[in-house]
$ cat input.txt   # compact mmCIF, C-alpha atoms and all ligand atoms
# COMPACT_ATOMS: atom_id res chain seq x y z
CA MET A 1 -37.57 -17.44 -8.96
CA THR A 2 -38.25 -20.66 -10.87
CA ARG A 3 -35.84 -23.39 -9.84
CA ILE A 4 -34.72 -25.79 -12.56
CA ALA A 5 -32.72 -28.97 -12.06
CA PHE A 6 -30.84 -29.72 -15.27
CA ILE A 7 -29.35 -33.22 -15.67
CA GLY A 8 -27.14 -34.02 -18.67
CA LEU A 9 -25.01 -31.10 -19.82
CA GLY A 10 -23.52 -32.52 -23.02
CA ASN A 11 -23.57 -31.09 -26.54
CA MET A 12 -27.26 -30.23 -26.30
CA GLY A 13 -27.84 -29.85 -22.56
CA ALA A 14 -25.05 -27.26 -22.14
CA GLY A 15 -26.76 -24.68 -24.34
CA MET A 16 -30.23 -25.52 -23.05
CA ALA A 17 -29.22 -25.11 -19.39
CA ALA A 18 -27.44 -21.85 -20.25
CA ASN A 19 -30.65 -20.50 -21.82
CA GLN A 20 -32.63 -21.38 -18.69
CA ALA A 21 -30.08 -19.40 -16.62
CA LYS A 22 -30.20 -16.51 -19.12
CA ALA A 23 -33.98 -16.39 -18.64
CA GLY A 24 -33.40 -15.59 -14.97
CA ARG A 25 -34.10 -19.05 -13.58
CA GLU A 26 -32.03 -20.65 -10.86
CA VAL A 27 -30.48 -23.67 -12.53
CA MET A 28 -28.97 -26.51 -10.49
CA ALA A 29 -26.79 -28.36 -12.98
CA PHE A 30 -25.55 -31.94 -12.79
CA ASP A 31 -23.61 -34.20 -15.13
CA LEU A 32 -21.33 -37.18 -14.55
CA SER A 33 -18.61 -35.09 -16.24
CA GLN A 34 -17.11 -32.41 -13.98
CA ALA A 35 -15.94 -30.47 -17.05
CA ALA A 36 -19.56 -30.26 -18.23
CA VAL A 37 -20.68 -28.96 -14.82
CA ASP A 38 -17.87 -26.37 -14.81
CA LYS A 39 -18.98 -25.16 -18.25
CA ALA A 40 -22.57 -24.82 -17.01
CA VAL A 41 -21.38 -22.82 -14.00
CA ALA A 42 -19.49 -20.46 -16.33
CA ALA A 43 -22.80 -20.00 -18.18
CA GLY A 44 -24.66 -18.94 -15.01
CA CYS A 45 -25.84 -22.25 -13.51
CA ARG A 46 -25.14 -23.54 -10.00
CA PRO A 47 -23.25 -26.81 -9.53
CA ALA A 48 -24.93 -29.85 -7.99
CA ALA A 49 -22.89 -32.75 -6.64
CA SER A 50 -25.54 -35.38 -7.47
CA VAL A 51 -28.93 -35.82 -9.11
CA ALA A 52 -30.47 -35.91 -5.63
CA GLU A 53 -28.97 -32.53 -4.73
CA ALA A 54 -29.97 -30.98 -8.06
CA VAL A 55 -33.64 -31.99 -7.82
CA LYS A 56 -34.40 -31.63 -4.13
CA ASP A 57 -36.04 -28.15 -4.26
CA ALA A 58 -36.81 -28.04 -7.99
CA ASP A 59 -39.94 -26.59 -9.58
CA ALA A 60 -38.97 -28.46 -12.76
CA VAL A 61 -36.48 -31.19 -13.63
CA ILE A 62 -35.10 -31.31 -17.19
CA THR A 63 -33.05 -34.26 -18.42
CA MET A 64 -31.00 -34.39 -21.65
CA LEU A 65 -29.36 -37.81 -21.64
CA PRO A 66 -28.00 -40.16 -24.32
CA ALA A 67 -30.53 -43.04 -24.41
CA GLY A 68 -33.40 -44.92 -22.76
CA GLN A 69 -31.28 -46.79 -20.24
CA HIS A 70 -29.83 -43.52 -18.87
CA VAL A 71 -33.28 -41.97 -18.58
CA ARG A 72 -34.72 -45.05 -16.85
CA GLY A 73 -31.77 -45.11 -14.45
CA VAL A 74 -31.76 -41.41 -13.58
CA TYR A 75 -35.55 -41.23 -13.00
CA GLY A 76 -36.07 -44.68 -11.50
CA GLU A 77 -33.18 -44.56 -9.08
CA GLN A 78 -32.80 -40.86 -8.35
CA VAL A 79 -35.23 -38.21 -9.58
CA LEU A 80 -38.42 -39.88 -8.37
CA ALA A 81 -36.91 -40.55 -4.96
CA HIS A 82 -35.63 -37.03 -4.33
CA ALA A 83 -37.68 -34.45 -6.27
CA PRO A 84 -40.68 -32.78 -4.61
CA LYS A 85 -43.97 -34.23 -5.93
CA SER A 86 -44.90 -30.76 -7.21
CA ALA A 87 -41.94 -30.71 -9.62
CA LEU A 88 -42.65 -30.92 -13.34
CA LEU A 89 -40.51 -33.69 -14.85
CA ILE A 90 -39.42 -33.20 -18.46
CA ASP A 91 -37.24 -35.59 -20.41
CA CYS A 92 -35.89 -33.94 -23.58
CA SER A 93 -33.64 -36.86 -24.62
CA THR A 94 -34.43 -38.84 -27.77
CA ILE A 95 -35.25 -42.33 -26.50
CA ASP A 96 -37.39 -45.36 -27.35
CA ILE A 97 -41.12 -44.94 -26.86
CA ASP A 98 -41.37 -47.88 -24.45
CA SER A 99 -38.84 -46.32 -22.06
CA ALA A 100 -40.58 -42.94 -22.32
CA ARG A 101 -43.95 -44.52 -21.49
CA ALA A 102 -42.51 -46.69 -18.71
CA VAL A 103 -40.83 -43.71 -17.00
CA GLY A 104 -43.98 -41.64 -17.54
CA GLU A 105 -46.16 -44.32 -15.92
CA GLN A 106 -43.76 -44.74 -13.00
CA ALA A 107 -43.66 -40.97 -12.43
CA LYS A 108 -47.43 -40.66 -12.70
CA GLY A 109 -47.90 -43.59 -10.33
CA GLN A 110 -45.92 -41.68 -7.73
CA GLY A 111 -47.95 -38.49 -8.19
CA PHE A 112 -45.65 -36.55 -10.54
CA ARG A 113 -46.49 -34.74 -13.78
CA PHE A 114 -44.18 -36.02 -16.54
CA ALA A 115 -43.57 -35.09 -20.18
CA ASP A 116 -41.48 -36.67 -22.90
CA ALA A 117 -40.29 -33.65 -24.87
CA PRO A 118 -37.62 -34.51 -27.45
CA VAL A 119 -36.26 -31.78 -29.69
CA SER A 120 -35.67 -31.08 -33.33
CA GLY A 121 -32.66 -28.88 -34.04
CA GLY A 122 -28.99 -29.48 -33.26
CA ILE A 123 -26.30 -27.98 -31.09
CA MET A 124 -26.55 -24.54 -32.68
CA ALA A 125 -30.31 -24.40 -32.03
CA ALA A 126 -29.71 -25.58 -28.45
CA GLU A 127 -27.28 -22.70 -27.95
CA ALA A 128 -29.49 -20.14 -29.68
CA GLY A 129 -32.64 -21.22 -27.81
CA THR A 130 -34.41 -22.06 -31.07
CA LEU A 131 -35.23 -25.76 -30.64
CA ALA A 132 -38.57 -27.28 -31.65
CA PHE A 133 -40.08 -29.34 -28.82
CA MET A 134 -42.58 -32.18 -29.32
CA VAL A 135 -44.32 -32.78 -26.03
CA GLY A 136 -46.14 -35.91 -24.89
CA CYS A 137 -48.15 -35.23 -21.73
CA GLU A 138 -51.64 -34.90 -20.25
CA THR A 139 -53.54 -32.03 -21.89
CA ALA A 140 -54.23 -30.44 -18.51
CA ASP A 141 -50.48 -30.20 -17.78
CA TYR A 142 -49.33 -28.93 -21.17
CA ALA A 143 -49.39 -25.17 -20.44
CA ALA A 144 -47.17 -25.63 -17.39
CA PHE A 145 -44.64 -27.68 -19.38
CA GLU A 146 -44.67 -25.19 -22.24
CA ALA A 147 -43.84 -22.31 -19.88
CA ILE A 148 -40.78 -24.19 -18.61
CA LEU A 149 -39.56 -25.03 -22.13
CA GLN A 150 -40.05 -21.52 -23.56
CA PRO A 151 -36.51 -20.09 -23.01
CA MET A 152 -35.04 -22.97 -25.03
CA ALA A 153 -37.62 -22.98 -27.82
CA ARG A 154 -38.50 -21.56 -31.20
CA VAL A 155 -41.70 -23.57 -31.12
CA VAL A 156 -43.38 -26.04 -28.75
CA PHE A 157 -45.97 -28.61 -29.94
CA HIS A 158 -48.31 -30.70 -27.86
CA ALA A 159 -48.03 -34.03 -29.70
CA GLY A 160 -50.51 -35.96 -27.50
CA GLY A 161 -50.38 -38.20 -24.44
CA SER A 162 -47.42 -39.98 -22.86
CA GLY A 163 -44.86 -41.16 -25.46
CA SER A 164 -46.33 -39.02 -28.24
CA GLY A 165 -43.39 -36.60 -28.20
CA GLN A 166 -40.99 -39.47 -28.94
CA ALA A 167 -43.40 -40.84 -31.57
CA ALA A 168 -43.51 -37.46 -33.35
CA LYS A 169 -39.74 -37.12 -33.21
CA ILE A 170 -38.95 -40.52 -34.74
CA CYS A 171 -41.64 -40.21 -37.43
CA ASN A 172 -40.23 -36.80 -38.39
CA ASN A 173 -36.64 -38.00 -38.40
CA MET A 174 -37.47 -41.15 -40.35
CA LEU A 175 -39.04 -38.91 -42.99
CA LEU A 176 -35.99 -36.63 -42.89
CA GLY A 177 -33.55 -39.54 -43.33
CA ILE A 178 -35.53 -40.89 -46.28
CA SER A 179 -35.88 -37.48 -47.94
CA MET A 180 -32.16 -36.71 -47.55
CA ILE A 181 -31.24 -40.01 -49.17
CA GLY A 182 -33.65 -39.23 -52.02
CA VAL A 183 -32.09 -35.82 -52.56
CA CYS A 184 -28.56 -37.28 -52.48
CA GLU A 185 -29.50 -39.93 -55.04
CA ALA A 186 -31.05 -37.32 -57.30
CA PHE A 187 -27.88 -35.19 -57.26
CA ALA A 188 -25.70 -38.25 -57.92
CA LEU A 189 -27.92 -39.19 -60.88
CA ALA A 190 -28.02 -35.62 -62.21
CA GLU A 191 -24.24 -35.53 -62.21
CA LYS A 192 -23.94 -38.89 -64.01
CA LEU A 193 -26.44 -37.69 -66.62
CA GLY A 194 -24.32 -34.61 -67.30
CA LEU A 195 -26.84 -32.21 -65.75
CA ASP A 196 -25.24 -29.30 -63.90
CA PRO A 197 -26.06 -29.97 -60.19
CA GLU A 198 -26.57 -26.25 -59.51
CA ARG A 199 -29.04 -26.09 -62.37
CA PHE A 200 -30.78 -29.18 -60.98
CA PHE A 201 -31.02 -27.43 -57.61
CA GLU A 202 -32.73 -24.43 -59.22
CA ILE A 203 -35.21 -26.65 -61.05
CA GLY A 204 -35.84 -29.20 -58.28
CA SER A 205 -36.33 -26.55 -55.61
CA LYS A 206 -39.12 -24.98 -57.66
CA SER A 207 -40.65 -28.24 -58.90
CA SER A 208 -42.49 -31.12 -57.27
CA GLY A 209 -39.28 -32.66 -55.85
CA GLN A 210 -38.93 -29.66 -53.56
CA CYS A 211 -38.37 -30.53 -49.89
CA TRP A 212 -36.46 -29.27 -46.85
CA SER A 213 -33.50 -31.59 -47.49
CA LEU A 214 -33.09 -29.99 -50.92
CA THR A 215 -33.87 -26.33 -50.41
CA THR A 216 -32.75 -25.66 -46.83
CA TYR A 217 -30.08 -28.29 -46.25
CA CYS A 218 -28.78 -28.99 -49.74
CA PRO A 219 -26.18 -31.82 -49.67
CA TRP A 220 -24.50 -30.52 -52.83
CA PRO A 221 -22.03 -27.79 -51.80
CA GLY A 222 -22.85 -24.35 -53.19
CA PRO A 223 -26.53 -23.57 -53.58
CA VAL A 224 -27.45 -23.17 -49.89
CA GLU A 225 -24.80 -21.14 -48.14
CA THR A 226 -25.71 -22.16 -44.58
CA ALA A 227 -25.79 -25.92 -45.29
CA PRO A 228 -23.11 -28.17 -43.70
CA SER A 229 -22.11 -29.30 -47.24
CA ASN A 230 -20.32 -25.93 -47.50
CA ARG A 231 -18.17 -26.58 -44.44
CA GLY A 232 -16.90 -30.06 -45.13
CA TYR A 233 -20.09 -31.60 -43.68
CA GLU A 234 -19.05 -30.53 -40.18
CA GLY A 235 -21.19 -29.04 -37.43
CA GLY A 236 -24.64 -30.24 -38.48
CA PHE A 237 -26.71 -33.29 -37.53
CA LEU A 238 -24.35 -36.24 -37.19
CA SER A 239 -24.96 -39.32 -39.34
CA ALA A 240 -24.50 -41.43 -36.17
CA LEU A 241 -27.43 -39.59 -34.54
CA MET A 242 -29.57 -40.01 -37.65
CA LEU A 243 -28.77 -43.72 -37.46
CA LYS A 244 -29.80 -43.76 -33.80
CA ASP A 245 -33.17 -42.18 -34.64
CA LEU A 246 -33.74 -44.51 -37.62
CA LYS A 247 -33.07 -47.51 -35.38
CA LEU A 248 -35.59 -46.20 -32.86
CA ALA A 249 -38.11 -45.79 -35.68
CA GLN A 250 -37.57 -49.38 -36.89
CA GLU A 251 -37.87 -50.79 -33.36
CA ALA A 252 -41.10 -48.86 -32.87
CA ALA A 253 -42.41 -49.97 -36.28
CA ALA A 254 -41.67 -53.62 -35.51
CA ARG A 255 -43.50 -53.42 -32.18
CA ALA A 256 -46.45 -51.56 -33.66
CA GLY A 257 -46.67 -53.81 -36.75
CA ALA A 258 -46.23 -50.81 -39.07
CA SER A 259 -44.84 -51.22 -42.57
CA THR A 260 -41.87 -48.86 -43.07
CA PRO A 261 -39.73 -50.32 -45.89
CA MET A 262 -38.18 -46.97 -46.87
CA GLY A 263 -37.31 -46.31 -43.22
CA ALA A 264 -35.65 -49.75 -43.07
CA GLN A 265 -33.64 -48.96 -46.19
CA ALA A 266 -32.61 -45.59 -44.77
CA GLU A 267 -31.45 -47.29 -41.58
CA ALA A 268 -29.39 -49.80 -43.59
CA LEU A 269 -27.75 -47.02 -45.62
CA TYR A 270 -26.87 -44.92 -42.57
CA ALA A 271 -25.54 -48.05 -40.84
CA LEU A 272 -23.30 -48.66 -43.85
CA PHE A 273 -22.14 -45.03 -43.88
CA ASP A 274 -21.46 -45.14 -40.13
CA GLY A 275 -19.64 -48.47 -40.50
CA LEU A 276 -17.39 -46.92 -43.17
CA GLY A 277 -16.27 -44.40 -40.53
CA TYR A 278 -18.39 -41.37 -41.40
CA GLY A 279 -20.73 -41.31 -38.40
CA GLN A 280 -19.27 -38.02 -37.22
CA LYS A 281 -20.06 -36.27 -40.52
CA ASP A 282 -23.29 -34.43 -41.11
CA PHE A 283 -26.03 -36.73 -42.42
CA SER A 284 -26.07 -34.94 -45.79
CA ALA A 285 -22.52 -36.25 -46.45
CA MET A 286 -24.28 -39.43 -47.64
CA LEU A 287 -24.18 -37.69 -51.06
CA GLN A 288 -20.49 -38.54 -51.43
CA MET A 289 -21.21 -42.26 -50.98
CA PHE A 290 -23.70 -42.23 -53.86
CA ARG A 291 -21.22 -40.25 -55.98
CA GLY A 292 -18.51 -42.82 -55.23
CA ARG A 293 -16.48 -39.90 -53.88
CA LEU A 294 -15.93 -40.83 -50.24
CA ASP A 295 -12.38 -39.63 -50.85
CA GLU A 296 -13.82 -36.11 -50.61
CA LEU A 297 -14.64 -36.74 -46.94
CA THR A 298 -11.97 -37.12 -44.31
CA ALA A 299 -13.17 -39.98 -42.13
P1 LIG A 301 -24.04 -35.95 -25.21
O1 LIG A 301 -23.48 -37.35 -25.16
O2 LIG A 301 -23.17 -34.85 -25.70
O3 LIG A 301 -24.56 -35.53 -23.74
C1 LIG A 301 -25.15 -36.40 -22.82
C2 LIG A 301 -24.66 -35.99 -21.44
O4 LIG A 301 -25.33 -36.80 -20.46
C3 LIG A 301 -23.15 -36.22 -21.23
O5 LIG A 301 -22.55 -35.02 -20.81
C4 LIG A 301 -23.09 -37.31 -20.15
O6 LIG A 301 -21.98 -37.17 -19.28
C5 LIG A 301 -24.41 -37.07 -19.44
N1 LIG A 301 -24.86 -38.22 -18.67
C6 LIG A 301 -24.95 -39.53 -19.05
N2 LIG A 301 -25.44 -40.28 -18.05
C7 LIG A 301 -25.68 -39.44 -17.02
C8 LIG A 301 -26.18 -39.60 -15.70
N3 LIG A 301 -26.53 -40.82 -15.24
N4 LIG A 301 -26.27 -38.52 -14.90
C9 LIG A 301 -25.92 -37.29 -15.35
N5 LIG A 301 -25.42 -37.06 -16.58
C10 LIG A 301 -25.31 -38.13 -17.41
O7 LIG A 301 -25.37 -36.06 -26.06
P2 LIG A 301 -26.15 -34.86 -26.80
O8 LIG A 301 -25.65 -34.69 -28.18
O9 LIG A 301 -26.22 -33.69 -25.87
O10 LIG A 301 -27.61 -35.54 -26.93
C11 LIG A 301 -28.47 -35.68 -25.82
C12 LIG A 301 -29.80 -36.22 -26.32
O11 LIG A 301 -30.35 -35.31 -27.26
C13 LIG A 301 -29.70 -37.58 -27.02
O12 LIG A 301 -30.81 -38.35 -26.67
C14 LIG A 301 -29.72 -37.20 -28.49
O13 LIG A 301 -30.23 -38.22 -29.32
C15 LIG A 301 -30.64 -35.98 -28.47
N6 LIG A 301 -30.44 -35.04 -29.59
C16 LIG A 301 -29.19 -34.67 -29.96
C17 LIG A 301 -29.03 -33.76 -31.01
C18 LIG A 301 -27.66 -33.31 -31.46
O14 LIG A 301 -27.53 -32.70 -32.52
N7 LIG A 301 -26.59 -33.57 -30.69
C19 LIG A 301 -30.16 -33.23 -31.66
C20 LIG A 301 -31.43 -33.59 -31.23
C21 LIG A 301 -31.55 -34.51 -30.17
$ encode --input "input.txt" --output "structure tokens"
Amino acid sequence: MTRIAFIGLGNMGAGMAANQAKAGREVMAFDLSQAAVDKAVAAGCRPAASVAEAVKDADAVITMLPAGQHVRGVYGEQVLAHAPKSALLIDCSTIDIDSARAVGEQAKGQGFRFADAPVSGGIMAAEAGTLAFMVGCETADYAAFEAILQPMARVVFHAGGSGSGQAAKICNNMLLGISMIGVCEAFALAEKLGLDPERFFEIGSKSSGQCWSLTTYCPWPGPVETAPSNRGYEGGFLSALMLKDLKLAQEAAARAGASTPMGAQAEALYALFDGLGYGQKDFSAMLQMFRGRLDELTA
């Protein structure tokens, strides 16, 4: 039986660890929160009292942690010291590229195989096992990483070498943030011009403005039944997390000397929205700011 150590059982990790257990793998689960460990145990995992205990006999270690500093700490101080050298190390957190590469180098230097493998898809996809993974690793190791990720995935991509998974994730999410803002602005303008927003949806979704933010995740309530706009902008991809990803994109752009003015503008707008108290709303709720109707959102 494949033995998985799963570290970080929060909003995302809980569902992901549960899907590993459902696939018949032995999952040793650890989180700083005892409540999170208890939930994982109820979902078929085994409790570990520390990172060291979770990883000691693991075939694969999966981490799903908040940010770069947590990933550097957990690997640098614990995983690398206690996991068997044969274990595949997979970090699924969304973190800065420099941290991903630094941890990857450190792991490789000690004889481990390491992948940065951030995900696209939110809590519902984590629970359903339908996440998209973007994997940065050596080509020779990719098949082994893919097999471990499979029970949690709708699709797995090999993005390239170390750090490429994080690069793919922030480029994608920068594009998503920009396109959502564009769609929100277009709806706000349509309304001001006296154009029926539902009619605009029909036209835009079949014209050259068509994009995922419009047709699959429409910020205007009504046209797309499954969109968070139809449930008070709850339960989707939080604006605060979009802001996190846009910040990572801007940091990476500054270091790489890339010109990303629209990404910078998107970051500024999500920072404003977050600062106004709407960070816990879905990122499509930005529409109400452009409409001047923040009163329609409960902060
Ligand atoms: P979360 O805050 O709900 O969960 C993080 C978990 O890590 C917490 O349970 C925390 O206790 C645990 N943790 C922190 N430090 C630890 C340590 N040293 N040892 C063990 N456990 C530790 O966050 P989340 O929403 O699950 O997100 C996790 C990652 O996934 C983030 O990098 C986030 O950007 C990314 N992500 C989130 C979403 C989403 O919709 N929530 C979508 C895609 C990607």
$ closest_atom_pairs --input "input.txt" --of "chain A" --to "ligand LIG 301 (chain A)" --cutoff "6 Å" --atoms "all atoms listed in the file" --output "tab-separated table"
residue	atom	partner	partner_atom	distance
A:Ile7	CA	A:LIG301	C9	5.3
A:Gly8	CA	A:LIG301	O4	3.8
A:Leu9	CA	A:LIG301	O5	4.7
A:Gly10	CA	A:LIG301	O3	3.3
A:Asn11	CA	A:LIG301	O9	3.8
A:Met12	CA	A:LIG301	O9	3.6
A:Gly13	CA	A:LIG301	O9	5.3
A:Phe30	CA	A:LIG301	C9	5.9
A:Asp31	CA	A:LIG301	N5	3.7
A:Leu32	CA	A:LIG301	N5	4.6
A:Ser33	CA	A:LIG301	O6	5.0
A:Met64	CA	A:LIG301	C11	5.0
A:Leu65	CA	A:LIG301	O4	4.3
A:Pro66	CA	A:LIG301	O12	4.1
A:Ala67	CA	A:LIG301	O12	5.2
A:His70	CA	A:LIG301	N2	5.5
A:Val74	CA	A:LIG301	N3	5.5
A:Ser93	CA	A:LIG301	O12	3.8
A:Thr94	CA	A:LIG301	O12	3.8
A:Ile95	CA	A:LIG301	O12	6.0
A:Val119	CA	A:LIG301	C20	5.4
A:Ser120	CA	A:LIG301	C20	5.4
A:Gly121	CA	A:LIG301	C19	5.6
A:Gly122	CA	A:LIG301	O14	3.6
A:Ile123	CA	A:LIG301	O14	5.1
A:Phe237	CA	A:LIG301	O14	5.1
$ residues_around --input "input.txt" --residues "range 164-181 of chain A" --least-positions-apart "3" --cutoff "9 Å" --atoms "only C-alpha atoms" --output "JSON, numbers by chain"
{"A": [93, 94, 95, 96, 97, 100, 115, 116, 117, 118, 119, 120, 133, 134, 135, 136, 137, 157, 158, 159, 160, 161, 184, 185, 186, 211, 212, 213, 214, 217, 218, 219, 242, 243, 245, 246, 248, 249, 250, 252, 262, 263, 265, 266, 267, 269, 270, 283, 284, 286, 287]}
$ atom_distance --input "input.txt" --atom1 "CA of Tyr75 in chain A" --atom2 "CA of Asp141 in chain A"
19.2 Å
$ closest_residue --input "input.txt" --among "A:Ala102, A:Ala107, A:Ala83, A:Leu149" --to "Arg25 in chain A" --atoms "all atoms listed in the file"
A:Leu149
$ closest_residue --input "input.txt" --among "A:Arg46, A:Ala258, A:Phe290, A:Asp91" --to "Gly182 in chain A" --atoms "all atoms listed in the file"
A:Phe290
$ axis_aligned_box --input "input.txt" --around "range 71-75 of chain A" --padding-each-side "3 Å" --output "AutoDock Vina command-line options"
--center_x -33.7 --center_y -43.2 --center_z -15.8 --size_x 9.8 --size_y 9.9 --size_z 11.6
$ closest_residue --input "input.txt" --among "A:Val27, A:Ala254, A:Cys92, A:Ala42" --to "Ala126 in chain A" --atoms "all atoms listed in the file"
A:Cys92
$ residues_around --input "input.txt" --residues "range 188-197 of chain A" --least-positions-apart "5" --cutoff "9 Å" --atoms "all atoms listed in the file" --output "list in words"
Val183, Glu202, Trp220, Leu287, Gln288, Phe290, Arg291 and Gly292 of chain A
$ atom_distance --input "input.txt" --atom1 "CA of Lys39 in chain A" --atom2 "CA of Arg72 in chain A"
25.4 Å
$ atom_distance --input "input.txt" --atom1 "CA of Val37 in chain A" --atom2 "CA of Ala54 in chain A"
11.7 Å
